[in-house]
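Undergrad: Enclosed is the structure file upload.cif (mmCIF, N, CA and C atoms and all ligand atoms).
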```cif
data_input
#
loop_
_atom_site.label_atom_id
_atom_site.label_comp_id
_atom_site.auth_asym_id
_atom_site.auth_seq_id
_atom_site.Cartn_x
_atom_site.Cartn_y
_atom_site.Cartn_z
N MET V 1 -7.21 -19.70 1.42
CA MET V 1 -8.19 -18.76 1.98
C MET V 1 -7.73 -17.32 1.79
N SER V 2 -8.62 -16.52 1.25
CA SER V 2 -8.28 -15.12 1.05
C SER V 2 -9.08 -14.24 1.99
N LEU V 3 -8.44 -13.23 2.46
CA LEU V 3 -9.10 -12.34 3.40
C LEU V 3 -9.87 -11.24 2.69
N ILE V 4 -9.26 -10.70 1.62
CA ILE V 4 -9.85 -9.57 0.93
C ILE V 4 -10.08 -9.92 -0.53
N HIS V 5 -11.27 -9.64 -1.00
CA HIS V 5 -11.54 -9.82 -2.43
C HIS V 5 -11.55 -8.46 -3.08
N TRP V 6 -10.84 -8.35 -4.18
CA TRP V 6 -10.84 -7.09 -4.90
C TRP V 6 -12.23 -6.85 -5.47
N ASP V 7 -12.79 -5.69 -5.23
CA ASP V 7 -14.02 -5.34 -5.94
C ASP V 7 -13.99 -3.85 -6.28
N ASP V 8 -15.01 -3.39 -6.98
CA ASP V 8 -14.98 -2.02 -7.50
C ASP V 8 -14.96 -0.95 -6.41
N ASN V 9 -15.36 -1.32 -5.20
CA ASN V 9 -15.27 -0.35 -4.10
C ASN V 9 -13.84 0.09 -3.85
N LEU V 10 -12.89 -0.82 -4.17
CA LEU V 10 -11.48 -0.50 -3.94
C LEU V 10 -10.86 0.26 -5.10
N SER V 11 -11.57 0.31 -6.22
CA SER V 11 -11.03 0.98 -7.39
C SER V 11 -11.04 2.50 -7.21
N ILE V 12 -9.94 3.15 -7.63
CA ILE V 12 -9.95 4.62 -7.61
C ILE V 12 -10.23 5.18 -9.00
N GLY V 13 -10.43 4.30 -9.97
CA GLY V 13 -10.81 4.74 -11.32
C GLY V 13 -9.64 5.02 -12.24
N VAL V 14 -8.42 4.80 -11.77
CA VAL V 14 -7.22 4.95 -12.61
C VAL V 14 -6.61 3.56 -12.73
N LYS V 15 -6.69 3.00 -13.95
CA LYS V 15 -6.38 1.58 -14.13
C LYS V 15 -4.97 1.19 -13.67
N SER V 16 -3.98 2.00 -14.05
CA SER V 16 -2.59 1.65 -13.73
C SER V 16 -2.37 1.62 -12.21
N VAL V 17 -3.01 2.53 -11.50
CA VAL V 17 -2.87 2.57 -10.04
C VAL V 17 -3.65 1.40 -9.42
N ASP V 18 -4.83 1.14 -9.94
CA ASP V 18 -5.63 0.00 -9.45
C ASP V 18 -4.85 -1.31 -9.55
N GLU V 19 -4.15 -1.49 -10.67
CA GLU V 19 -3.38 -2.74 -10.85
C GLU V 19 -2.35 -2.89 -9.73
N GLN V 20 -1.72 -1.77 -9.38
CA GLN V 20 -0.71 -1.83 -8.31
C GLN V 20 -1.37 -2.07 -6.95
N HIS V 21 -2.54 -1.49 -6.75
CA HIS V 21 -3.25 -1.72 -5.48
C HIS V 21 -3.69 -3.17 -5.35
N LYS V 22 -4.00 -3.79 -6.49
CA LYS V 22 -4.37 -5.22 -6.46
C LYS V 22 -3.21 -6.04 -5.92
N ARG V 23 -2.01 -5.63 -6.27
CA ARG V 23 -0.81 -6.30 -5.77
C ARG V 23 -0.74 -6.20 -4.24
N LEU V 24 -1.12 -5.05 -3.72
CA LEU V 24 -1.12 -4.88 -2.26
C LEU V 24 -2.13 -5.84 -1.61
N VAL V 25 -3.29 -5.97 -2.24
CA VAL V 25 -4.30 -6.90 -1.72
C VAL V 25 -3.73 -8.33 -1.72
N GLU V 26 -3.01 -8.68 -2.79
CA GLU V 26 -2.38 -10.02 -2.83
C GLU V 26 -1.40 -10.22 -1.68
N ILE V 27 -0.62 -9.17 -1.42
CA ILE V 27 0.36 -9.26 -0.32
C ILE V 27 -0.37 -9.44 1.02
N ILE V 28 -1.44 -8.70 1.21
CA ILE V 28 -2.21 -8.81 2.46
C ILE V 28 -2.74 -10.23 2.61
N ASN V 29 -3.28 -10.77 1.52
CA ASN V 29 -3.83 -12.13 1.58
C ASN V 29 -2.74 -13.16 1.86
N LYS V 30 -1.56 -12.94 1.30
CA LYS V 30 -0.45 -13.85 1.52
C LYS V 30 -0.02 -13.83 3.00
N LEU V 31 0.01 -12.65 3.53
CA LEU V 31 0.35 -12.52 4.95
C LEU V 31 -0.71 -13.17 5.82
N ASN V 32 -1.97 -12.96 5.47
CA ASN V 32 -3.05 -13.57 6.23
C ASN V 32 -2.93 -15.09 6.23
N ASP V 33 -2.65 -15.67 5.05
CA ASP V 33 -2.46 -17.12 4.95
C ASP V 33 -1.33 -17.57 5.87
N ALA V 34 -0.21 -16.83 5.82
CA ALA V 34 0.95 -17.20 6.63
C ALA V 34 0.60 -17.16 8.12
N LEU V 35 -0.18 -16.17 8.52
CA LEU V 35 -0.53 -16.03 9.94
C LEU V 35 -1.51 -17.13 10.36
N VAL V 36 -2.48 -17.41 9.49
CA VAL V 36 -3.48 -18.44 9.80
C VAL V 36 -2.80 -19.80 9.95
N GLN V 37 -1.83 -20.05 9.06
CA GLN V 37 -1.13 -21.34 9.10
C GLN V 37 -0.02 -21.36 10.15
N GLY V 38 0.11 -20.29 10.88
CA GLY V 38 1.12 -20.22 11.93
C GLY V 38 2.54 -20.37 11.41
N GLN V 39 2.81 -19.79 10.25
CA GLN V 39 4.14 -19.94 9.66
C GLN V 39 5.18 -19.09 10.37
N ALA V 40 6.40 -19.55 10.21
CA ALA V 40 7.50 -18.92 10.94
C ALA V 40 7.84 -17.53 10.40
N ASN V 41 8.69 -16.86 11.13
CA ASN V 41 9.02 -15.49 10.81
C ASN V 41 9.74 -15.31 9.47
N ASP V 42 10.31 -16.39 8.91
CA ASP V 42 10.98 -16.18 7.62
C ASP V 42 9.95 -15.89 6.52
N VAL V 43 8.75 -16.49 6.63
CA VAL V 43 7.68 -16.18 5.68
C VAL V 43 7.25 -14.72 5.85
N LEU V 44 7.13 -14.34 7.09
CA LEU V 44 6.77 -12.96 7.40
C LEU V 44 7.83 -12.00 6.84
N GLY V 45 9.07 -12.38 6.97
CA GLY V 45 10.17 -11.57 6.44
C GLY V 45 10.05 -11.38 4.94
N GLU V 46 9.67 -12.46 4.25
CA GLU V 46 9.47 -12.38 2.79
C GLU V 46 8.33 -11.43 2.45
N VAL V 47 7.23 -11.58 3.20
CA VAL V 47 6.08 -10.72 2.94
C VAL V 47 6.46 -9.26 3.20
N LEU V 48 7.17 -9.04 4.28
CA LEU V 48 7.57 -7.66 4.59
C LEU V 48 8.50 -7.08 3.54
N SER V 49 9.37 -7.91 3.00
CA SER V 49 10.24 -7.34 1.97
C SER V 49 9.45 -7.11 0.67
N ASP V 50 8.42 -7.93 0.42
CA ASP V 50 7.48 -7.62 -0.68
C ASP V 50 6.81 -6.27 -0.45
N VAL V 51 6.38 -6.06 0.78
CA VAL V 51 5.71 -4.79 1.12
C VAL V 51 6.67 -3.63 0.89
N ALA V 52 7.93 -3.80 1.34
CA ALA V 52 8.91 -2.72 1.21
C ALA V 52 9.17 -2.41 -0.28
N ASP V 53 9.35 -3.46 -1.09
CA ASP V 53 9.59 -3.25 -2.53
C ASP V 53 8.39 -2.58 -3.20
N TYR V 54 7.23 -3.11 -2.87
CA TYR V 54 5.99 -2.57 -3.44
C TYR V 54 5.84 -1.09 -3.09
N THR V 55 6.12 -0.78 -1.84
CA THR V 55 5.95 0.58 -1.34
C THR V 55 6.80 1.56 -2.15
N VAL V 56 8.07 1.24 -2.30
CA VAL V 56 8.98 2.14 -3.00
C VAL V 56 8.54 2.35 -4.45
N MET V 57 8.25 1.24 -5.13
CA MET V 57 7.87 1.30 -6.53
C MET V 57 6.54 2.05 -6.71
N HIS V 58 5.56 1.68 -5.91
CA HIS V 58 4.22 2.23 -6.07
C HIS V 58 4.16 3.73 -5.75
N PHE V 59 4.80 4.13 -4.65
CA PHE V 59 4.76 5.55 -4.29
C PHE V 59 5.50 6.39 -5.31
N ALA V 60 6.61 5.86 -5.82
CA ALA V 60 7.36 6.60 -6.85
C ALA V 60 6.46 6.80 -8.07
N TYR V 61 5.68 5.77 -8.40
CA TYR V 61 4.77 5.88 -9.55
C TYR V 61 3.71 6.96 -9.32
N GLU V 62 3.05 6.90 -8.17
CA GLU V 62 2.01 7.90 -7.88
C GLU V 62 2.61 9.31 -7.87
N GLU V 63 3.80 9.43 -7.26
CA GLU V 63 4.40 10.76 -7.15
C GLU V 63 4.83 11.29 -8.52
N SER V 64 5.19 10.39 -9.43
CA SER V 64 5.53 10.84 -10.78
C SER V 64 4.27 11.40 -11.47
N LEU V 65 3.11 10.83 -11.15
CA LEU V 65 1.86 11.36 -11.71
C LEU V 65 1.55 12.75 -11.13
N PHE V 66 1.84 12.92 -9.83
CA PHE V 66 1.59 14.25 -9.21
C PHE V 66 2.38 15.32 -9.95
N GLU V 67 3.65 14.99 -10.23
CA GLU V 67 4.53 15.95 -10.90
C GLU V 67 4.04 16.23 -12.32
N LYS V 68 3.79 15.14 -13.02
CA LYS V 68 3.43 15.25 -14.42
C LYS V 68 2.14 16.04 -14.63
N TYR V 69 1.17 15.84 -13.73
CA TYR V 69 -0.14 16.46 -13.92
C TYR V 69 -0.41 17.54 -12.88
N ASN V 70 0.68 18.01 -12.26
CA ASN V 70 0.57 19.16 -11.37
C ASN V 70 -0.55 19.04 -10.33
N TYR V 71 -0.49 17.99 -9.56
CA TYR V 71 -1.54 17.75 -8.56
C TYR V 71 -1.39 18.74 -7.40
N PRO V 72 -2.42 19.57 -7.17
CA PRO V 72 -2.27 20.66 -6.19
C PRO V 72 -2.06 20.17 -4.73
N ASP V 73 -2.61 19.03 -4.40
CA ASP V 73 -2.53 18.55 -3.01
C ASP V 73 -1.38 17.57 -2.79
N LYS V 74 -0.36 17.67 -3.63
CA LYS V 74 0.66 16.61 -3.60
C LYS V 74 1.46 16.56 -2.29
N ASP V 75 1.70 17.71 -1.65
CA ASP V 75 2.55 17.71 -0.45
C ASP V 75 1.98 16.82 0.65
N LYS V 76 0.69 16.97 0.89
CA LYS V 76 0.04 16.15 1.93
C LYS V 76 0.12 14.66 1.58
N HIS V 77 -0.11 14.37 0.30
CA HIS V 77 -0.10 12.97 -0.13
C HIS V 77 1.31 12.38 0.02
N ILE V 78 2.32 13.16 -0.38
CA ILE V 78 3.71 12.68 -0.27
C ILE V 78 4.08 12.45 1.19
N GLN V 79 3.60 13.33 2.07
CA GLN V 79 3.87 13.14 3.50
C GLN V 79 3.25 11.83 3.99
N SER V 80 2.05 11.55 3.53
CA SER V 80 1.38 10.31 3.92
C SER V 80 2.19 9.10 3.44
N HIS V 81 2.77 9.18 2.23
CA HIS V 81 3.64 8.10 1.74
C HIS V 81 4.88 7.95 2.64
N LYS V 82 5.45 9.08 3.03
CA LYS V 82 6.64 9.02 3.89
C LYS V 82 6.33 8.32 5.21
N ASP V 83 5.16 8.61 5.76
CA ASP V 83 4.76 7.98 7.02
C ASP V 83 4.61 6.46 6.85
N LEU V 84 4.04 6.06 5.71
CA LEU V 84 3.86 4.62 5.46
C LEU V 84 5.22 3.93 5.30
N ILE V 85 6.15 4.59 4.62
CA ILE V 85 7.49 4.01 4.45
C ILE V 85 8.17 3.85 5.81
N ALA V 86 8.01 4.86 6.67
CA ALA V 86 8.60 4.78 8.01
C ALA V 86 8.00 3.61 8.79
N SER V 87 6.70 3.38 8.62
CA SER V 87 6.05 2.26 9.32
C SER V 87 6.59 0.92 8.83
N VAL V 88 6.81 0.79 7.52
CA VAL V 88 7.36 -0.46 6.98
C VAL V 88 8.76 -0.70 7.57
N GLN V 89 9.57 0.34 7.62
CA GLN V 89 10.93 0.19 8.17
C GLN V 89 10.88 -0.20 9.63
N ASN V 90 9.95 0.39 10.34
CA ASN V 90 9.77 0.07 11.76
C ASN V 90 9.39 -1.41 11.95
N LEU V 91 8.50 -1.91 11.10
CA LEU V 91 8.10 -3.31 11.18
C LEU V 91 9.28 -4.23 10.86
N GLN V 92 10.09 -3.84 9.88
CA GLN V 92 11.26 -4.67 9.54
C GLN V 92 12.26 -4.72 10.69
N GLU V 93 12.42 -3.60 11.37
CA GLU V 93 13.32 -3.59 12.54
C GLU V 93 12.78 -4.49 13.64
N LYS V 94 11.48 -4.41 13.85
CA LYS V 94 10.85 -5.25 14.89
C LYS V 94 11.03 -6.73 14.58
N LEU V 95 10.91 -7.07 13.29
CA LEU V 95 11.08 -8.46 12.89
C LEU V 95 12.50 -8.94 13.19
N GLN V 96 13.46 -8.06 12.92
CA GLN V 96 14.85 -8.41 13.21
C GLN V 96 15.09 -8.63 14.69
N GLN V 97 14.30 -7.95 15.50
CA GLN V 97 14.44 -8.11 16.96
C GLN V 97 13.57 -9.26 17.48
N ASP V 98 13.03 -10.06 16.54
CA ASP V 98 12.19 -11.22 16.91
C ASP V 98 10.97 -10.86 17.74
N ASP V 99 10.41 -9.70 17.48
CA ASP V 99 9.19 -9.31 18.17
C ASP V 99 8.05 -10.22 17.69
N PHE V 100 7.47 -11.01 18.59
CA PHE V 100 6.51 -12.02 18.13
C PHE V 100 5.16 -11.42 17.72
N MET V 101 4.93 -10.15 18.04
CA MET V 101 3.67 -9.52 17.65
C MET V 101 3.72 -8.89 16.26
N VAL V 102 4.88 -8.99 15.62
CA VAL V 102 5.07 -8.24 14.38
C VAL V 102 4.10 -8.66 13.26
N GLY V 103 3.71 -9.93 13.24
CA GLY V 103 2.76 -10.41 12.23
C GLY V 103 1.42 -9.70 12.34
N VAL V 104 0.92 -9.63 13.55
CA VAL V 104 -0.37 -8.98 13.78
C VAL V 104 -0.26 -7.48 13.48
N GLU V 105 0.84 -6.89 13.89
CA GLU V 105 1.04 -5.46 13.63
C GLU V 105 1.12 -5.17 12.13
N THR V 106 1.77 -6.07 11.40
CA THR V 106 1.88 -5.88 9.95
C THR V 106 0.50 -5.95 9.30
N MET V 107 -0.28 -6.90 9.76
CA MET V 107 -1.65 -7.06 9.25
C MET V 107 -2.47 -5.79 9.52
N THR V 108 -2.40 -5.30 10.72
CA THR V 108 -3.13 -4.09 11.09
C THR V 108 -2.67 -2.92 10.23
N PHE V 109 -1.35 -2.82 10.05
CA PHE V 109 -0.78 -1.75 9.24
C PHE V 109 -1.30 -1.80 7.80
N LEU V 110 -1.30 -3.01 7.20
CA LEU V 110 -1.72 -3.14 5.80
C LEU V 110 -3.20 -2.84 5.62
N LYS V 111 -4.00 -3.26 6.59
CA LYS V 111 -5.43 -2.98 6.50
C LYS V 111 -5.69 -1.49 6.60
N GLU V 112 -4.91 -0.84 7.46
CA GLU V 112 -5.03 0.61 7.62
C GLU V 112 -4.61 1.33 6.32
N TRP V 113 -3.59 0.79 5.70
CA TRP V 113 -3.13 1.35 4.43
C TRP V 113 -4.26 1.27 3.39
N LEU V 114 -4.88 0.11 3.34
CA LEU V 114 -5.95 -0.12 2.37
C LEU V 114 -7.13 0.82 2.63
N THR V 115 -7.58 0.87 3.86
CA THR V 115 -8.79 1.64 4.14
C THR V 115 -8.48 3.13 4.33
N GLY V 116 -7.36 3.42 4.99
CA GLY V 116 -7.05 4.81 5.30
C GLY V 116 -6.40 5.53 4.13
N HIS V 117 -5.46 4.87 3.46
CA HIS V 117 -4.74 5.58 2.40
C HIS V 117 -5.42 5.43 1.03
N ILE V 118 -5.62 4.19 0.60
CA ILE V 118 -6.18 4.00 -0.75
C ILE V 118 -7.58 4.59 -0.86
N LEU V 119 -8.42 4.27 0.12
CA LEU V 119 -9.82 4.69 -0.01
C LEU V 119 -10.02 6.17 0.26
N LYS V 120 -9.08 6.82 0.92
CA LYS V 120 -9.25 8.25 1.17
C LYS V 120 -8.25 9.09 0.38
N VAL V 121 -6.95 8.90 0.68
CA VAL V 121 -5.93 9.78 0.08
C VAL V 121 -5.78 9.52 -1.42
N ASP V 122 -5.71 8.23 -1.81
CA ASP V 122 -5.56 7.93 -3.24
C ASP V 122 -6.83 8.28 -4.01
N LYS V 123 -7.98 8.02 -3.41
CA LYS V 123 -9.23 8.36 -4.11
C LYS V 123 -9.33 9.86 -4.34
N ALA V 124 -8.78 10.63 -3.40
CA ALA V 124 -8.83 12.09 -3.54
C ALA V 124 -8.01 12.57 -4.74
N PHE V 125 -6.91 11.89 -5.05
CA PHE V 125 -6.11 12.37 -6.18
C PHE V 125 -6.60 11.83 -7.52
N SER V 126 -7.42 10.79 -7.48
CA SER V 126 -7.80 10.17 -8.74
C SER V 126 -8.67 11.09 -9.59
N ALA V 127 -9.49 11.92 -8.97
CA ALA V 127 -10.37 12.81 -9.73
C ALA V 127 -9.52 13.72 -10.63
N HIS V 128 -8.44 14.23 -10.06
CA HIS V 128 -7.53 15.11 -10.81
C HIS V 128 -6.91 14.36 -11.99
N MET V 129 -6.52 13.10 -11.76
CA MET V 129 -5.87 12.31 -12.80
C MET V 129 -6.87 11.94 -13.91
N ILE V 130 -8.08 11.58 -13.51
CA ILE V 130 -9.10 11.19 -14.49
C ILE V 130 -9.41 12.41 -15.40
N GLU V 131 -9.48 13.58 -14.77
CA GLU V 131 -9.67 14.82 -15.54
C GLU V 131 -8.61 15.00 -16.62
N HIS V 132 -7.37 14.54 -16.30
CA HIS V 132 -6.28 14.68 -17.25
C HIS V 132 -6.12 13.44 -18.15
N GLY V 133 -7.08 12.56 -18.08
CA GLY V 133 -7.08 11.41 -18.98
C GLY V 133 -6.09 10.31 -18.62
N VAL V 134 -5.64 10.28 -17.37
CA VAL V 134 -4.69 9.21 -16.96
C VAL V 134 -5.46 7.91 -16.78
N GLU V 135 -4.89 6.84 -17.30
CA GLU V 135 -5.55 5.54 -17.12
C GLU V 135 -4.76 4.63 -16.23
FE FE V 201 -1.64 4.02 -3.79
FE FE V 202 -0.83 7.16 -2.39
#
```
What would you get if you wrote out this structure as structure tokens?
Ligand SMILES: [Fe+2]
Ligand SMILES: [Fe+2]

TA:
Amino acid sequence: MSLIHWDDNLSIGVKSVDEQHKRLVEIINKLNDALVQGQANDVLGEVLSDVADYTVMHFAYEESLFEKYNYPDKDKHIQSHKDLIASVQNLQEKLQQDDFMVGVETMTFLKEWLTGHILKVDKAFSAHMIEHGVE
């Protein structure tokens, strides 16, 4: 069972970034499956470490585009990435403390990332990248 289906509404129009966002959707669906099946915290730990790895790689990629194509609004966007990284670290700490609500909080966090960050902050930078021919 999948919670989110990728469709064009989620696309920001930059193919390389979209591919990475699809990975985030996969992670969200994997977490949803684990929660629905009532799986133990070790599965959640795996998903969270996927999120942490994805976060570092993906933000570094986007930020390299800001530098390369001189994105004027980069400071705000980078700050938003920093906040998301802090949230992932916070969730990992909670998991280590056996906080039983961490699964639900992780789900809420990822959905917020999808709707709040990708659909607003990432979409805002894509126009600049498309202008510069980034795919
Ligand atoms: Fe992104
Ligand atoms: Fe971003």

Undergrad: Neighbours of ligand FE 202 (chain V) at 7 Å or closer, counting only C-alpha atoms and all ligand atoms: which residues, as a ChimeraX atom specification?

TA: /V:59,62,77,81,117-118,121-122

Undergrad: So which one's closest to ligand FE 201 (chain V), V:Val88, V:Val17, V:Ala52, V:Val134? Using only C-alpha atoms and all ligand atoms, please.

TA: V:Val17

Undergrad: What does the distance from CA of Val104 in chain V to atom N of Asp7 in chain V come to in Å, to one decimal?

TA: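 Atom-to-atom, CA of Val104 in chain V and atom N of Asp7 in chain V are spaced 22.9 Å apart.
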
Undergrad: Neighbouring residues of Leu65 in chain V were defined as those with any atom within 8 Å, considering only C-alpha atoms; residues of the same chain fewer than 5 positions away were excluded. Please report them as a list of chain:residue names.

TA: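 Counting only C-alpha atoms, the residues come to V:Asn70, V:Tyr71, V:Met129.
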
Undergrad: Which residues come within 12 Å of Leu119 in chain V, counting only C-alpha atoms, excluding same-chain residues fewer than 6 positions away, as a ChimeraX atom specification?

TA: /V:8-13,18,21,111-113,125-126

Undergrad: Please, what distance in Å, to one decimal, runs between atom C of Leu114 in chain V and atom N of Pro72 in chain V?

TA: 21.7 Å

Undergrad: When you count only C-alpha atoms and all ligand atoms, which of these residues is closest to ligand FE 201 (chain V): V:Ala124, V:Ile27, V:Val102, V:Ala86?

TA: V:Ala124

Undergrad: Could you name the residues that touch Arg23 in chain V at 12 Å or less, counting only C-alpha atoms, but leaving out those on the same chain fewer than 5 positions away, as a JSON list (two decimals) with N, CA and C atoms, keeping the file's coordinate frame?

TA:
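File part32.json, as written:
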```json
[["chain", "number", "residue", "atom", "x", "y", "z"],
["V", 4, "ILE", "N", -9.26, -10.70, 1.62],
["V", 4, "ILE", "CA", -9.85, -9.57, 0.93],
["V", 4, "ILE", "C", -10.08, -9.92, -0.53],
["V", 5, "HIS", "N", -11.27, -9.64, -1.00],
["V", 5, "HIS", "CA", -11.54, -9.82, -2.43],
["V", 5, "HIS", "C", -11.55, -8.46, -3.08],
["V", 6, "TRP", "N", -10.84, -8.35, -4.18],
["V", 6, "TRP", "CA", -10.84, -7.09, -4.90],
["V", 6, "TRP", "C", -12.23, -6.85, -5.47],
["V", 16, "SER", "N", -3.98, 2.00, -14.05],
["V", 16, "SER", "CA", -2.59, 1.65, -13.73],
["V", 16, "SER", "C", -2.37, 1.62, -12.21],
["V", 17, "VAL", "N", -3.01, 2.53, -11.50],
["V", 17, "VAL", "CA", -2.87, 2.57, -10.04],
["V", 17, "VAL", "C", -3.65, 1.40, -9.42],
["V", 18, "ASP", "N", -4.83, 1.14, -9.94],
["V", 18, "ASP", "CA", -5.63, 0.00, -9.45],
["V", 18, "ASP", "C", -4.85, -1.31, -9.55],
["V", 28, "ILE", "N", -1.44, -8.70, 1.21],
["V", 28, "ILE", "CA", -2.21, -8.81, 2.46],
["V", 28, "ILE", "C", -2.74, -10.23, 2.61],
["V", 29, "ASN", "N", -3.28, -10.77, 1.52],
["V", 29, "ASN", "CA", -3.83, -12.13, 1.58],
["V", 29, "ASN", "C", -2.74, -13.16, 1.86],
["V", 30, "LYS", "N", -1.56, -12.94, 1.30],
["V", 30, "LYS", "CA", -0.45, -13.85, 1.52],
["V", 30, "LYS", "C", -0.02, -13.83, 3.00],
["V", 47, "VAL", "N", 7.23, -11.58, 3.20],
["V", 47, "VAL", "CA", 6.08, -10.72, 2.94],
["V", 47, "VAL", "C", 6.46, -9.26, 3.20],
["V", 50, "ASP", "N", 8.42, -7.93, 0.42],
["V", 50, "ASP", "CA", 7.48, -7.62, -0.68],
["V", 50, "ASP", "C", 6.81, -6.27, -0.45],
["V", 51, "VAL", "N", 6.38, -6.06, 0.78],
["V", 51, "VAL", "CA", 5.71, -4.79, 1.12],
["V", 51, "VAL", "C", 6.67, -3.63, 0.89],
["V", 53, "ASP", "N", 9.35, -3.46, -1.09],
["V", 53, "ASP", "CA", 9.59, -3.25, -2.53],
["V", 53, "ASP", "C", 8.39, -2.58, -3.20],
["V", 54, "TYR", "N", 7.23, -3.11, -2.87],
["V", 54, "TYR", "CA", 5.99, -2.57, -3.44],
["V", 54, "TYR", "C", 5.84, -1.09, -3.09],
["V", 55, "THR", "N", 6.12, -0.78, -1.84],
["V", 55, "THR", "CA", 5.95, 0.58, -1.34],
["V", 55, "THR", "C", 6.80, 1.56, -2.15],
["V", 57, "MET", "N", 8.25, 1.24, -5.13],
["V", 57, "MET", "CA", 7.87, 1.30, -6.53],
["V", 57, "MET", "C", 6.54, 2.05, -6.71],
["V", 58, "HIS", "N", 5.56, 1.68, -5.91],
["V", 58, "HIS", "CA", 4.22, 2.23, -6.07],
["V", 58, "HIS", "C", 4.16, 3.73, -5.75],
["V", 114, "LEU", "N", -4.88, 0.11, 3.34],
["V", 114, "LEU", "CA", -5.95, -0.12, 2.37],
["V", 114, "LEU", "C", -7.13, 0.82, 2.63]]
```

Undergrad: One decimal, in Å: what's the spacing between CA of Ile78 in chain V and atom N of Leu95 in chain V?

TA: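 Going from CA of Ile78 in chain V over to atom N of Leu95 in chain V, I get 25.0 Å.
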
Undergrad: Report the centre and edge lengths, in Å to one decimal, of an axis-aligned box enclosing every atom of range 17-32 of chain V listed in the file, padded by 6 Å on each side, as AutoDock Vina command-line options.

TA:
```
--center_x -2.6 --center_y -6.3 --center_z -2.6 --size_x 18.0 --size_y 29.7 --size_z 29.7
```

Undergrad: Using only C-alpha atoms, which of V:Asp73, V:Asp42, V:Glu19, V:Asp33 sits nearest Asp98 in chain V?

TA: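 Of all the options, V:Asp42 lies closest to Asp98 in chain V.
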
Undergrad: Which residue is closest to ligand FE 201 (chain V)? Choose from V:Glu93, V:Glu63, V:Glu135, V:Asp99 and count only C-alpha atoms and all ligand atoms.

TA: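 Among the listed residues, V:Glu63 lies closest to ligand FE 201 (chain V).
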
Undergrad: For Asn32 in chain V, find every residue with an atom within 12 Å (counting only C-alpha atoms), except residues of its own chain fewer than 2 positions away, and show them as a list in words.

TA: Met1, Ser2, Leu3, Ile4, Val25, Glu26, Ile27, Ile28, Asn29, Lys30, Ala34, Leu35, Val36, Gln37, Gly38, Gln39, Val43, Leu44, Val47, Gly103, Val104, Glu105, Thr106, Met107, Thr108, Leu110 and Lys111 of chain V

Undergrad: Would you mind telling me which residue in V:Ser64, V:Thr115, V:Gln20, V:Gln92 lies nearest to Gly45 in chain V when using all atoms listed in the file?

TA: V:Gln92

Undergrad: Among the residues of chain V, find those DSSP assigns to alpha helix (DSSP H) from the backbone and print them as a count of residues only.

TA: 93
